[in-house]
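See structure below.
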Amino acid sequence: MSHTILLVQPGNRPETRTYSDYDSVNECMEGVCRIYEEHLKRINPNTPTITYDISQLFDFLDQLADISCLVYQKSTNTYAPYNKEWIKEKIYVLLKKAAGNTG
């Protein structure tokens, strides 16, 4: 378990920046998925069930001005930065693992 800080900037203006922190990288990736799901609920308020595929999630991430993670490295007692592509890889692995467990 590595403490992970998610940094998100949805728009071009710096004041749109937010951050969230999580106990692990996986929890953070689930948080990224929840951000997208909340976005879908806002733009589809009358749809009772929201479904999406990974390419739609990745398109959403690409539309953000910035998204990155800082992951705590116990060995050096520092946080290492990771970019959008790293986040996509981690989400892909997480969702692939989740899909394999539903059946």
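Lettering and numbering for the structure tokens are positional, with chains as A, B, ... in the shown order, residues counted from 1 in each chain, and ligands counted from 1 in the shown order.
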
Query raised in the report: What lies within 10 Å of range 50-67 of chain A using only C-alpha atoms, ignoring chain neighbours under 4 positions off, as a PyMOL selection string?
Result: chain A and resi 6-14+16-19+32-33+35-41+44-45+82-85+87-88+91-92+95-96

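Counting only C-alpha atoms, Val25 in chain A has the following residues at most 12 Å away, ignoring those fewer than 3 positions along the same chain: Met1, Ser2, His3, Thr4, Ile5, Leu6, Ser20, Asp21, Tyr22, Cys28, Met29, Glu30, Gly31, Val32, Ser68, Cys69, Leu70, Val71, Tyr72, Gln73, Tyr82, Trp86, Ile87, Glu89, Lys90, Ile91, Val93 and Leu94 of chain A.
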
Any chance you could export the current selection's N, CA and C atoms as a CSV table (one decimal), in the first residue's frame?
```csv
chain,number,residue,atom,x,y,z
A,1,MET,N,0.8,-1.2,0.0
A,1,MET,CA,0.0,0.0,0.0
A,1,MET,C,0.9,1.2,0.0
A,2,SER,N,0.7,2.0,-1.0
A,2,SER,CA,1.5,3.3,-1.1
A,2,SER,C,0.5,4.5,-1.2
A,3,HIS,N,0.7,5.4,-0.3
A,3,HIS,CA,-0.2,6.6,-0.3
A,3,HIS,C,0.0,7.2,-1.7
A,4,THR,N,-1.2,7.6,-2.3
A,4,THR,CA,-1.2,8.1,-3.6
A,4,THR,C,-2.0,9.4,-3.6
A,5,ILE,N,-1.5,10.4,-4.3
A,5,ILE,CA,-2.2,11.7,-4.4
A,5,ILE,C,-2.5,11.9,-5.9
A,6,LEU,N,-3.8,12.1,-6.1
A,6,LEU,CA,-4.3,12.3,-7.5
A,6,LEU,C,-4.4,13.8,-7.7
A,20,SER,N,-6.9,14.7,-4.6
A,20,SER,CA,-7.5,13.7,-3.7
A,20,SER,C,-6.4,12.8,-3.3
A,21,ASP,N,-6.5,12.2,-2.1
A,21,ASP,CA,-5.5,11.3,-1.7
A,21,ASP,C,-6.1,9.9,-1.3
A,22,TYR,N,-5.4,8.9,-1.6
A,22,TYR,CA,-5.8,7.5,-1.4
A,22,TYR,C,-4.7,6.7,-0.7
A,28,CYS,N,-6.7,4.8,-5.9
A,28,CYS,CA,-6.7,6.0,-6.7
A,28,CYS,C,-7.3,5.7,-8.1
A,29,MET,N,-6.9,4.6,-8.7
A,29,MET,CA,-7.4,4.3,-10.1
A,29,MET,C,-9.0,4.1,-10.0
A,30,GLU,N,-9.5,3.5,-8.9
A,30,GLU,CA,-10.9,3.4,-8.8
A,30,GLU,C,-11.5,4.8,-8.6
A,31,GLY,N,-10.8,5.7,-7.9
A,31,GLY,CA,-11.2,7.1,-7.8
A,31,GLY,C,-11.3,7.8,-9.1
A,32,VAL,N,-10.4,7.6,-10.0
A,32,VAL,CA,-10.4,8.1,-11.4
A,32,VAL,C,-11.6,7.7,-12.1
A,68,SER,N,-2.4,13.6,-13.0
A,68,SER,CA,-1.2,12.9,-12.7
A,68,SER,C,-1.3,12.4,-11.3
A,69,CYS,N,-0.3,11.6,-10.9
A,69,CYS,CA,-0.3,11.0,-9.6
A,69,CYS,C,1.0,11.2,-8.9
A,70,LEU,N,1.0,11.3,-7.6
A,70,LEU,CA,2.2,11.3,-6.8
A,70,LEU,C,2.1,10.0,-5.9
A,71,VAL,N,3.0,9.1,-6.1
A,71,VAL,CA,3.0,7.8,-5.3
A,71,VAL,C,4.1,7.8,-4.3
A,72,TYR,N,3.8,7.5,-3.1
A,72,TYR,CA,4.8,7.5,-2.0
A,72,TYR,C,5.8,6.3,-2.2
A,73,GLN,N,7.1,6.6,-2.1
A,73,GLN,CA,8.1,5.6,-2.3
A,73,GLN,C,8.8,5.4,-0.9
A,82,TYR,N,3.8,10.5,-11.6
A,82,TYR,CA,3.4,9.6,-12.8
A,82,TYR,C,2.4,10.4,-13.6
A,86,TRP,N,0.7,6.6,-17.6
A,86,TRP,CA,0.9,5.7,-16.5
A,86,TRP,C,-0.5,5.4,-15.9
A,87,ILE,N,-1.3,6.4,-15.7
A,87,ILE,CA,-2.6,6.2,-15.1
A,87,ILE,C,-3.5,5.3,-16.0
A,89,GLU,N,-2.5,3.0,-18.0
A,89,GLU,CA,-2.0,1.6,-17.9
A,89,GLU,C,-2.5,1.0,-16.7
A,90,LYS,N,-2.4,1.7,-15.5
A,90,LYS,CA,-2.9,1.2,-14.3
A,90,LYS,C,-4.4,0.9,-14.3
A,91,ILE,N,-5.2,1.8,-14.9
A,91,ILE,CA,-6.6,1.6,-15.0
A,91,ILE,C,-6.9,0.4,-15.9
A,93,VAL,N,-5.1,-2.3,-16.3
A,93,VAL,CA,-4.8,-3.5,-15.5
A,93,VAL,C,-5.9,-3.7,-14.5
A,94,LEU,N,-6.3,-2.7,-13.8
A,94,LEU,CA,-7.3,-2.8,-12.8
A,94,LEU,C,-8.6,-3.3,-13.4
```

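CA of Ser75 in chain A is positioned 19.7 Å from CA of Asn26 in chain A.
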
**Report entry** All helix (DSSP H, G or I) positions in chain A, as a VMD selection string
**Finding:** chain A and resid 14 to 16 25 to 43 54 to 63 84 to 100

Requested in this report: Between CA of Tyr79 in chain A and CA of Glu27 in chain A, measure the distance and give it in Å to one decimal.
Outcome: 16.6 Å

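Here CA of Thr76 in chain A is placed at a distance of 17.1 Å from CA of Ser24 in chain A.
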